[in-house]
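J.: Structure file entry-v4.cif (mmCIF, C-alpha atoms) right here:
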data_final
#
loop_
_atom_site.label_atom_id
_atom_site.label_comp_id
_atom_site.auth_asym_id
_atom_site.auth_seq_id
_atom_site.Cartn_x
_atom_site.Cartn_y
_atom_site.Cartn_z
CA MET A 237 67.33 -121.34 -26.71
CA PRO A 238 68.60 -123.23 -23.62
CA ARG A 239 67.66 -122.20 -20.10
CA LEU A 240 70.64 -120.40 -18.60
CA PRO A 241 71.39 -120.01 -14.88
CA ILE A 242 72.69 -116.49 -14.21
CA PHE A 243 74.41 -115.28 -11.05
CA THR A 244 74.89 -111.60 -10.25
CA VAL A 245 77.92 -110.99 -8.04
CA ASP A 246 79.07 -107.73 -6.45
CA ALA A 247 82.84 -108.07 -6.89
CA PHE A 248 85.49 -106.25 -4.84
CA SER A 249 83.04 -105.70 -1.99
CA SER A 250 81.81 -107.34 1.19
CA GLN A 251 78.52 -105.44 1.03
CA PRO A 252 75.57 -105.96 -1.34
CA PHE A 253 74.77 -103.25 -3.90
CA SER A 254 78.36 -102.00 -3.92
CA GLY A 255 81.65 -102.85 -5.61
CA ASN A 256 81.32 -103.75 -9.27
CA PRO A 257 78.49 -106.11 -10.26
CA ALA A 258 79.07 -108.80 -12.89
CA ALA A 259 76.80 -111.45 -14.31
CA VAL A 260 78.17 -115.02 -14.38
CA VAL A 261 76.63 -117.61 -16.70
CA PRO A 262 77.78 -121.24 -16.11
CA LEU A 263 77.62 -123.32 -19.30
CA THR A 264 77.89 -127.08 -19.76
CA GLN A 265 77.95 -126.85 -23.55
CA GLU A 266 79.07 -124.28 -26.09
CA LEU A 267 76.75 -121.35 -26.73
CA ASP A 268 76.64 -119.31 -29.91
CA THR A 269 78.53 -116.04 -29.58
CA SER A 270 75.56 -114.04 -30.85
CA ILE A 271 73.42 -115.42 -28.00
CA MET A 272 76.15 -114.57 -25.49
CA GLN A 273 76.15 -111.00 -26.73
CA LYS A 274 72.37 -110.70 -26.63
CA VAL A 275 72.23 -111.95 -23.04
CA ALA A 276 75.01 -109.53 -22.04
CA THR A 277 73.14 -106.69 -23.71
CA GLU A 278 69.98 -107.58 -21.80
CA MET A 279 71.85 -107.91 -18.50
CA ASN A 280 73.24 -104.41 -19.15
CA LEU A 281 76.06 -104.76 -16.62
CA SER A 282 79.59 -103.65 -17.39
CA GLU A 283 80.51 -107.31 -17.98
CA THR A 284 78.80 -110.67 -18.31
CA ALA A 285 81.07 -113.73 -17.97
CA TYR A 286 80.50 -117.14 -19.56
CA VAL A 287 82.35 -120.07 -17.99
CA ARG A 288 82.47 -123.68 -19.18
CA PRO A 289 84.36 -126.75 -17.78
CA LEU A 290 87.01 -128.12 -20.13
CA ASP A 291 88.44 -131.25 -18.52
CA ALA A 292 85.93 -132.97 -16.25
CA GLY A 293 82.99 -135.33 -16.61
CA GLY A 294 80.58 -137.06 -14.28
CA ASP A 295 77.29 -135.87 -12.91
CA ASN A 296 78.78 -132.62 -11.62
CA PRO A 297 81.66 -131.42 -13.81
CA TRP A 298 82.02 -128.31 -11.65
CA ALA A 299 83.08 -130.34 -8.60
CA SER A 300 86.37 -131.65 -9.98
CA CYS A 301 87.19 -129.55 -13.04
CA SER A 302 90.29 -127.37 -12.69
CA ARG A 303 90.37 -125.85 -16.20
CA TYR A 304 87.65 -123.68 -17.69
CA SER A 305 86.89 -121.61 -20.75
CA LEU A 306 86.07 -118.02 -19.77
CA ARG A 307 84.77 -115.19 -21.98
CA TRP A 308 83.62 -111.68 -21.09
CA PHE A 309 81.10 -109.41 -22.83
CA THR A 310 80.09 -105.79 -22.27
CA PRO A 311 76.60 -104.74 -23.39
CA ILE A 312 77.95 -104.21 -26.92
CA LYS A 313 81.19 -106.18 -27.41
CA GLU A 314 83.40 -109.08 -26.30
CA ILE A 315 86.53 -107.93 -24.45
CA PRO A 316 90.00 -109.48 -24.00
CA LEU A 317 90.31 -109.21 -20.21
CA CYS A 318 88.16 -108.44 -17.18
CA GLY A 319 89.25 -108.59 -13.57
CA HIS A 320 86.06 -108.20 -11.59
CA ALA A 321 84.07 -110.65 -13.73
CA THR A 322 86.90 -113.20 -13.32
CA LEU A 323 86.75 -112.74 -9.55
CA ALA A 324 82.96 -113.09 -9.68
CA THR A 325 83.26 -116.28 -11.76
CA ALA A 326 85.74 -117.84 -9.33
CA HIS A 327 83.45 -116.94 -6.43
CA VAL A 328 80.53 -118.73 -8.10
CA ILE A 329 82.64 -121.83 -8.85
CA PHE A 330 84.05 -122.04 -5.32
CA ASN A 331 80.88 -121.14 -3.43
CA ASN A 332 77.86 -122.02 -5.56
CA LEU A 333 78.78 -124.85 -7.94
CA GLY A 334 80.34 -127.33 -5.54
CA HIS A 335 83.97 -127.07 -6.60
CA SER A 336 86.14 -129.17 -4.28
CA GLY A 337 89.58 -127.76 -5.10
CA GLY A 338 91.40 -124.57 -4.16
CA GLN A 339 92.64 -123.42 -7.58
CA VAL A 340 91.24 -123.04 -11.10
CA ASP A 341 92.73 -122.05 -14.45
CA PHE A 342 90.73 -119.99 -16.92
CA GLU A 343 91.53 -120.18 -20.64
CA THR A 344 90.82 -116.72 -22.04
CA LEU A 345 91.68 -114.31 -24.85
CA SER A 346 94.46 -113.06 -22.55
CA GLY A 347 95.93 -116.52 -22.02
CA THR A 348 95.66 -118.73 -18.93
CA LEU A 349 94.58 -116.91 -15.76
CA THR A 350 95.09 -118.74 -12.46
CA VAL A 351 92.81 -118.02 -9.53
CA ARG A 352 93.17 -119.61 -6.09
CA LYS A 353 91.58 -119.53 -2.67
CA ASP A 354 93.60 -118.10 0.22
CA GLY A 355 91.50 -118.56 3.32
CA ASP A 356 88.40 -116.45 2.84
CA GLN A 357 90.07 -114.47 0.05
CA ILE A 358 90.41 -115.14 -3.67
CA VAL A 359 93.78 -114.34 -5.27
CA MET A 360 94.08 -113.72 -9.03
CA ASP A 361 97.32 -114.03 -10.99
CA PHE A 362 97.00 -111.61 -13.91
CA PRO A 363 99.48 -110.57 -16.63
CA ASN A 364 101.52 -107.38 -16.73
CA ASN A 365 100.23 -105.27 -19.61
CA GLU A 366 102.75 -102.48 -19.98
CA ALA A 367 101.90 -99.19 -21.62
CA THR A 368 104.46 -97.66 -23.97
CA SER A 369 105.10 -94.25 -25.48
CA LEU A 370 103.07 -92.90 -28.38
CA THR A 371 104.63 -92.06 -31.69
CA ASP A 372 104.21 -88.46 -32.86
CA GLU A 373 101.57 -89.63 -35.32
CA GLU A 374 99.67 -91.53 -32.60
CA ALA A 375 99.85 -88.57 -30.24
CA GLN A 376 98.33 -86.31 -32.87
CA ARG A 377 95.64 -88.86 -33.77
CA LEU A 378 94.62 -89.38 -30.13
CA LYS A 379 94.91 -85.77 -28.99
CA SER A 380 91.18 -85.04 -29.28
CA LEU A 381 90.36 -88.22 -27.31
CA VAL A 382 92.61 -87.07 -24.45
CA ILE A 383 91.01 -83.62 -24.51
CA ALA A 384 87.48 -85.07 -24.39
CA THR A 385 88.46 -87.31 -21.49
CA CYS A 386 90.35 -84.83 -19.34
CA SER A 387 88.04 -81.80 -19.66
CA GLY A 388 90.80 -79.18 -19.65
CA MET A 389 92.94 -80.73 -16.91
CA THR A 390 96.70 -80.60 -17.56
CA VAL A 391 98.21 -83.90 -18.66
CA GLN A 392 101.72 -85.00 -17.68
CA GLU A 393 102.06 -88.22 -19.69
CA VAL A 394 100.09 -90.32 -22.20
CA LEU A 395 100.98 -93.95 -22.92
CA LEU A 396 99.27 -96.76 -24.79
CA CYS A 397 98.79 -100.38 -23.75
CA ARG A 398 98.60 -101.96 -27.17
CA THR A 399 97.67 -105.39 -25.82
CA LEU A 400 94.36 -104.20 -24.32
CA LYS A 401 93.96 -101.01 -26.39
CA TYR A 402 93.89 -98.95 -23.19
CA LEU A 403 95.18 -95.36 -23.16
CA LEU A 404 96.95 -94.47 -19.88
CA VAL A 405 96.73 -90.77 -19.03
CA ARG A 406 98.65 -89.44 -16.04
CA LEU A 407 97.42 -86.05 -14.94
CA ASP A 408 99.83 -83.34 -13.81
CA ASP A 409 101.10 -83.94 -10.28
CA CYS A 410 99.41 -80.76 -9.10
CA TYR A 411 96.12 -82.70 -9.09
CA SER A 412 94.90 -84.74 -6.12
CA SER A 413 92.62 -87.74 -5.85
CA LYS A 414 89.81 -85.27 -5.11
CA ASP A 415 90.45 -83.49 -8.40
CA LEU A 416 90.39 -86.83 -10.20
CA GLU A 417 87.12 -87.70 -8.51
CA GLU A 418 85.56 -84.47 -9.83
CA LEU A 419 86.69 -85.07 -13.43
CA LEU A 420 83.74 -85.00 -15.85
CA PRO A 421 84.67 -86.53 -19.23
CA ASP A 422 82.74 -85.74 -22.38
CA PHE A 423 81.64 -89.29 -23.21
CA SER A 424 79.95 -88.31 -26.46
CA GLY A 425 83.05 -86.40 -27.42
CA MET A 426 85.21 -89.44 -26.62
CA LYS A 427 83.17 -91.57 -29.01
CA ARG A 428 83.38 -88.90 -31.71
CA ALA A 429 87.12 -88.46 -31.23
CA HIS A 430 88.18 -92.02 -32.02
CA ASP A 431 86.82 -95.04 -33.86
CA GLY A 432 88.26 -97.68 -31.52
CA SER A 433 90.87 -98.89 -34.00
CA GLN A 434 93.69 -98.17 -31.55
CA VAL A 435 92.03 -97.30 -28.23
CA MET A 436 88.91 -98.78 -26.65
CA ALA A 437 89.22 -97.37 -23.12
CA VAL A 438 91.04 -94.66 -21.17
CA ILE A 439 92.63 -94.90 -17.71
CA VAL A 440 93.22 -91.59 -15.92
CA THR A 441 95.54 -91.70 -12.93
CA VAL A 442 97.30 -89.60 -10.28
CA PRO A 443 99.86 -90.62 -7.63
CA GLY A 444 98.84 -91.03 -4.01
CA LYS A 445 101.38 -88.41 -2.90
CA LYS A 446 101.18 -88.16 0.89
CA ASP A 447 98.25 -90.56 1.12
CA LEU A 448 99.30 -93.32 3.51
CA LEU A 449 96.86 -95.92 2.20
CA TYR A 450 97.26 -95.82 -1.57
CA HIS A 451 100.18 -95.46 -3.96
CA ALA A 452 97.92 -94.27 -6.78
CA PHE A 453 94.35 -93.43 -7.75
CA SER A 454 92.62 -93.97 -11.08
CA ARG A 455 89.38 -93.91 -13.03
CA PHE A 456 88.44 -96.00 -16.06
CA PHE A 457 86.31 -94.83 -19.00
CA ALA A 458 85.13 -97.09 -21.82
CA PRO A 459 82.24 -95.52 -23.79
CA LEU A 460 83.42 -97.36 -26.92
CA TYR A 461 82.67 -100.60 -25.05
CA GLY A 462 79.23 -99.29 -24.06
CA VAL A 463 80.40 -98.58 -20.47
CA ASP A 464 80.93 -94.87 -19.80
CA GLU A 465 82.70 -95.60 -16.50
CA ASP A 466 83.54 -98.91 -14.88
CA PRO A 467 83.65 -98.47 -11.08
CA VAL A 468 86.27 -101.14 -10.21
CA THR A 469 88.40 -102.43 -13.08
CA GLY A 470 90.87 -105.27 -12.55
CA SER A 471 92.16 -105.19 -16.13
CA ALA A 472 93.13 -101.52 -15.73
CA HIS A 473 95.40 -102.49 -12.87
CA THR A 474 97.36 -104.84 -15.14
CA VAL A 475 98.42 -101.60 -16.84
CA LEU A 476 98.63 -99.39 -13.75
CA GLY A 477 100.66 -101.94 -11.80
CA PRO A 478 103.74 -102.01 -14.05
CA TYR A 479 103.54 -98.24 -14.57
CA TRP A 480 103.46 -97.21 -10.91
CA ALA A 481 105.83 -99.99 -9.82
CA LYS A 482 108.43 -98.47 -12.13
CA HIS A 483 107.79 -94.85 -11.19
CA LEU A 484 107.57 -95.48 -7.44
CA ASN A 485 110.33 -98.10 -7.40
CA THR A 486 108.30 -100.74 -5.59
CA ASN A 487 106.96 -104.22 -6.34
CA SER A 488 104.09 -103.99 -3.86
CA LEU A 489 101.31 -101.54 -4.67
CA THR A 490 98.00 -100.59 -3.15
CA SER A 491 95.85 -98.51 -5.47
CA LYS A 492 92.29 -97.25 -5.50
CA LEU A 493 89.99 -96.87 -8.48
CA ILE A 494 87.54 -94.11 -7.68
CA THR A 495 84.32 -92.99 -9.33
CA PHE A 496 82.44 -89.73 -9.51
CA THR A 497 79.16 -89.68 -7.60
CA LEU A 498 76.53 -87.26 -8.80
CA PRO A 499 75.24 -84.99 -6.02
CA HIS A 500 71.70 -85.68 -4.82
#
Show how you would write the structure in this file as structure tokens.

T.:
Amino acid sequence: MPRLPIFTVDAFSSQPFSGNPAAVVPLTQELDTSIMQKVATEMNLSETAYVRPLDAGGDNPWASCSRYSLRWFTPIKEIPLCGHATLATAHVIFNNLGHSGGQVDFETLSGTLTVRKDGDQIVMDFPNNEATSLTDEEAQRLKSLVIATCSGMTVQEVLLCRTLKYLLVRLDDCYSSKDLEELLPDFSGMKRAHDGSQVMAVIVTVPGKKDLLYHAFSRFFAPLYGVDEDPVTGSAHTVLGPYWAKHLNTNSLTSKLITFTLPH
């Protein structure tokens, strides 16, 4: 078993112990997938990322390499796309591993993802993963999963992103972001309702209405991935972006993924 450096990064935040933490494991040689999964299980964060240089040599391949292999694991399973762990990985490459350039390409299960520096910010170019209508058979099969997720709240629309296996549930427009924040899914019921063959996670969303800061709000639930709720989910926004852009007739969106905080 090789010794592995591991960074823990609080993504989407300028403050420690906030945002969405991800583990980043830089590799200089291939590591067996079973070991990757065991380390991710032990880290017990929503995602652990493994990054490896693909096209550079020398004493420090991280300094000049512009193309990397990137894989993401939850505590129980490898996943096809993760936003916050990609951001965390880019942060480590740019700030901790001596990278001299301003842009990197990650080769992933979702294709090539380009990440670049923009001043003090990091900008990620992610794919559009559109959600489409359910067939009558799919709607019937996934009905109990929607019920377990939404805890009796009225649903306006249910779509499926088949690329990521994410179910997109838009609540009735009578609900506010506060109502969404108070939603309490039945996570055990979600796992009983579906075997993961078609859906691995559920996005629940409402429009921002008169909110001047955000076009939409959402929450992301993935008990089938071993993560009941992910607090800030970049991959969910590859589904939310195309959806709300179409419904709000805009190409520039600001959205907020919120989480429920248990009272003290």

J.: When the PyMOL selection byres ((chain A and resi 341) around 8) is applied to the structure above, which residues does it catch, written out as a list of chain:residue names?

T.: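 For this structure, the PyMOL selection byres ((chain A and resi 341) around 8) resolves to A:Ser302, A:Arg303, A:Tyr304, A:Gln339, A:Val340, A:Phe342, A:Glu343, A:Thr348, A:Leu349, A:Thr350, A:Val351.
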
J.: Given the choices A:Leu400, A:Ala384, A:Ala429, A:Ala367, which gets closest to A:Trp480 if the distance is worked out from only C-alpha atoms?

T.: A:Ala367

J.: Please, what distance in Å, to one decimal, runs between atom CA of A:Leu396 and atom CA of A:Leu419?

T.: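 Computing the Euclidean distance for atom CA of A:Leu396 and atom CA of A:Leu419 yields 20.6 Å.
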
J.: Return the padded bounding box of stretch 379-384 of chain A as JSON: axis-aligned, built from all atoms listed in the file, 4 Å added on each side, with centre and edge lengths in Å to one decimal.

T.:
{"center_x": 91.2, "center_y": -85.9, "center_z": -26.8, "size_x": 15.4, "size_y": 12.6, "size_z": 12.9}

J.: What does the distance between atom CA of A:Ile271 and atom CA of A:Thr469 come to in Å, to one decimal place?

T.: 24.8 Å

J.: Taking the file as shown, what set of residues would the PyMOL selection byres ((chain A and resi 430) around 10) give back, as an MDAnalysis selection string?

T.: chainID A and resid 377:381 425:429 431:436 460

J.: For each of A:Asp422, A:Glu366, A:Asp354, A:Asp291, take the minimum atom-to-atom distance to A:Lys401, counting all atoms listed in the file, then give the residue where this is smallest.

T.: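 Ranked by minimum distance to A:Lys401, first place goes to A:Glu366.
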
J.: Run through the PyMOL selection byres ((chain A and resi 416) around 10) on the given coordinates and return the selected residues as a ChimeraX atom specification.

T.: /A:386,389,407,411-415,417-420,440-442,453-455,494-496

J.: Using atom CA of A:Cys318 and atom CA of A:Gly388 as the two end points, give the distance in Å to one decimal.

T.: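 Rounded to one decimal, the two atoms are 29.5 Å apart.
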
J.: Which residues, written as JSON, numbers by chain, have at least one atom at most 12 Å from A:Val260, with only C-alpha atoms counted and residues fewer than 5 positions away on the same chain left out?

T.: {"A": [240, 241, 242, 243, 244, 245, 246, 247, 272, 275, 276, 279, 281, 282, 283, 284, 285, 286, 287, 288, 306, 307, 308, 309, 320, 321, 322, 323, 324, 325, 326, 327, 328, 329, 332, 333]}

J.: With distances taken over all atoms listed in the file, which of A:Ala259, A:Val438, A:Met237, A:Leu290 is nearest to A:Cys397?

T.: A:Val438

J.: Measuring between all atoms listed in the file, which one of A:Lys482, A:His335, A:Lys353, A:Arg398 shows the shortest distance to A:Pro289?

T.: A:His335

J.: Taking 2 positions as the minimum chain separation for residues in the same chain, which residues sit within 10 Å of A:Asn296 when counting all atoms listed in the file? Answer as a list in words.

T.: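 Here the qualifying residues turn out to be Thr264, Ala292, Gly293, Gly294, Trp298, Ala299, Ser300, Cys301, Leu333, Gly334 and His335 of chain A.
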
J.: Between A:Asp361, A:Leu449, A:His483, A:Ile439, which is the closest to A:Asp466 once you count all atoms listed in the file?

T.: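 Using all atoms listed in the file, the shortest distance to A:Asp466 belongs to A:Ile439.
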